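Structure, as structure tokens:
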Amino acid sequence: MKFFVDTADVDAIKELNELGMVDGVTTNPSLILKSGRDILEVTKEICGIVEGPVSAEVVAVEADQMIEEGRKLAEIADNIAVKVPLTWDGLKACKVLAGEGNMVNVTLCFSANQALLAAKAGATFISPFIGRLDDINLDGMDLIGDIRTIYDNYGYETQILAASIRTVNHATQSALIGADVMTAPPDVIKKMAAHPLTDKGLEAFLADWEKTGQKIL
Ligand code: E4P
């Protein structure tokens, strides 16, 4: 499973990248706001750190303008994935931008039908938002499963990018269901390493080691 980091925090990206945990990065306007940085500048810096796809999102709502913005974002680096919203105009922009050889990430997907349309429009990635469905008492993981089934039924190559991952359980479930990629905030990726039995076991080993009076170094 590929891991994308859902952040525009360059230091957090560098830290995870050094561990080989970063196959790509996703950003959105809210994350750019949080970073306090200029979108073109911070995206360029991220593209220089990470080899894999770096999603940068258009903010226009009409297809023609989305295409222009997408072309400008794509000029930042070869590993840019232009992010467009799953609207009818977004699908038009996806078709054109993908046709020009760009990676396109179709975002804000909340239904299997939307995902089917994105695949037909040539999306490289479809981003179903798990956490936001859970927020309104629906099951985001059911959506990932439905998209997996539909894409496998017809051999669509669009990659399922499980997004809006809020918990470590979301990460496990996405992997079990067969999402191609998950994008998660840095703290969720770090929390995946934690287990109370690991902590307890380590504590016991260290206490026993102390009693041996030995040293390795
Ligand atoms: C994905 O590309 C989005 O940036 C992100 O996963 C949204 O997550 P949120 O619903 O926690 O804001």
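By order in the structure tokens, chains are A, B, ...; within a chain, residues start at 1; ligands start at 1, following the order shown.
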Protein and nucleic acid residues within 7 Å of ligand 1 (only C-alpha atoms and all ligand atoms) as a PyMOL selection string: chain A and resi 6+26-28+107+127+129+131-132+163-166+183-184
Residues flagged helix (DSSP H, G or I) by DSSP in segment 32-212 of chain A, as an NGL selection string: :A and (32-35 or 39-49 or 63-74 or 88-99 or 112-120 or 130-135 or 140-154 or 168-177 or 186-191 or 196-212)
Long-range neighbours of Ile147 of chain A as a count of residues only, 12 Å cut-off, only C-alpha atoms, 5 positions minimum in chain: 34
Using only C-alpha atoms, what table do you get, as a Markdown table, when you list each residue of segment 70-164 of chain A with an atom no more than 12 Å from segment 30-39 of chain A, its nearest pair of atoms, and their distance in Å rounded to one decimal, rows by chain then rising number?
```
| residue | atom | partner | partner_atom | distance |
| --- | --- | --- | --- | --- |
| A:Lys72 | CA | A:Ile39 | CA | 11.6 |
| A:Leu73 | CA | A:Ile39 | CA | 9.3 |
| A:Ile76 | CA | A:Ile39 | CA | 10.4 |
```
Dump as a PDB file, in the first residue's frame, selection limited to N, CA and C atoms:
```pdb
ATOM      1  N   LYS A  72      -1.029  25.488 -14.812  1.00  0.00           N
ATOM      2  CA  LYS A  72      -0.024  26.279 -14.077  1.00  0.00           C
ATOM      3  C   LYS A  72       0.572  25.454 -12.933  1.00  0.00           C
ATOM      4  N   LEU A  73      -0.295  24.743 -12.208  1.00  0.00           N
ATOM      5  CA  LEU A  73       0.209  23.906 -11.110  1.00  0.00           C
ATOM      6  C   LEU A  73       1.126  22.805 -11.650  1.00  0.00           C
ATOM      7  N   ILE A  76       4.855  23.316 -12.033  1.00  0.00           N
ATOM      8  CA  ILE A  76       5.740  23.404 -10.857  1.00  0.00           C
ATOM      9  C   ILE A  76       6.800  22.306 -10.892  1.00  0.00           C
TER      10      ILE A  76
END
```
Among listed residues A:His170, A:Lys92, A:Lys44, A:Lys200, nearest Val104 of chain A (using only C-alpha atoms): A:Lys92
Point-to-point distance from atom CA of Cys47 of chain A to atom CA of Gly24 of chain A, Å rounded to tenths: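 Atom CA of Cys47 of chain A sits 9.1 Å away from atom CA of Gly24 of chain A.
By only C-alpha atoms, and with residues fewer than 4 positions from segment 189-198 of chain A along its chain excluded, the set lying at most 12 Å from it is A:Phe3, A:Phe4, A:Val5, A:Asp6, A:Thr7, A:Ala12, A:Ile13, A:Glu15, A:Leu16, A:Asn17, A:Leu19, A:Met21, A:Val22, A:Ile165, A:Arg166, A:Thr167, A:Val168, A:Asn169, A:His170, A:Ala171, A:Thr172, A:Met182, A:Thr183, A:Ala184, A:Pro185, A:Leu202, A:Glu203, A:Ala204, A:Phe205.
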Output C-alpha atoms for every residue in that selection, as an mmCIF file, in the first residue's frame.
```cif
data_model
loop_
_atom_site.group_PDB
_atom_site.id
_atom_site.type_symbol
_atom_site.label_atom_id
_atom_site.label_comp_id
_atom_site.auth_asym_id
_atom_site.auth_seq_id
_atom_site.Cartn_x
_atom_site.Cartn_y
_atom_site.Cartn_z
ATOM 1 C CA PHE A 3 1.362 6.112 1.882
ATOM 2 C CA PHE A 4 0.732 9.722 0.981
ATOM 3 C CA VAL A 5 1.099 12.370 3.687
ATOM 4 C CA ASP A 6 -1.816 14.761 3.940
ATOM 5 C CA THR A 7 -0.046 17.982 4.864
ATOM 6 C CA ALA A 12 6.790 16.752 8.885
ATOM 7 C CA ILE A 13 7.156 15.547 5.287
ATOM 8 C CA GLU A 15 10.857 13.489 8.829
ATOM 9 C CA LEU A 16 8.601 10.775 7.406
ATOM 10 C CA ASN A 17 10.374 10.777 4.058
ATOM 11 C CA LEU A 19 12.049 6.752 7.047
ATOM 12 C CA MET A 21 7.187 6.306 4.664
ATOM 13 C CA VAL A 22 6.287 8.841 1.982
ATOM 14 C CA ILE A 165 -8.142 9.330 7.248
ATOM 15 C CA ARG A 166 -8.518 10.378 10.856
ATOM 16 C CA THR A 167 -7.659 7.256 12.863
ATOM 17 C CA VAL A 168 -5.267 4.321 12.790
ATOM 18 C CA ASN A 169 -8.308 2.103 12.382
ATOM 19 C CA HIS A 170 -9.139 3.909 9.140
ATOM 20 C CA ALA A 171 -5.632 3.025 7.950
ATOM 21 C CA THR A 172 -6.019 -0.676 8.815
ATOM 22 C CA MET A 182 -4.031 6.144 1.788
ATOM 23 C CA THR A 183 -3.335 9.749 2.597
ATOM 24 C CA ALA A 184 -3.122 10.521 6.273
ATOM 25 C CA PRO A 185 -1.912 13.349 8.493
ATOM 26 C CA LEU A 202 9.993 -3.084 26.307
ATOM 27 C CA GLU A 203 9.679 -1.872 29.881
ATOM 28 C CA ALA A 204 9.976 -5.458 31.183
ATOM 29 C CA PHE A 205 12.947 -6.276 28.921
#
```
Long-range neighbours of Leu91 of chain A as a list in words, 9 Å cut-off, only C-alpha atoms, 6 positions minimum in chain: Ala63, Val84, Pro85, Val106, Leu117, Ala118, Ala121, Gly122 and Ala123 of chain A
Residue set, segment 3-182 of chain A restricted to strand (DSSP E or B), as a ChimeraX atom specification: /A:3-6,24-26,54-57,80-85,103-109,125-129,159-163,181-182
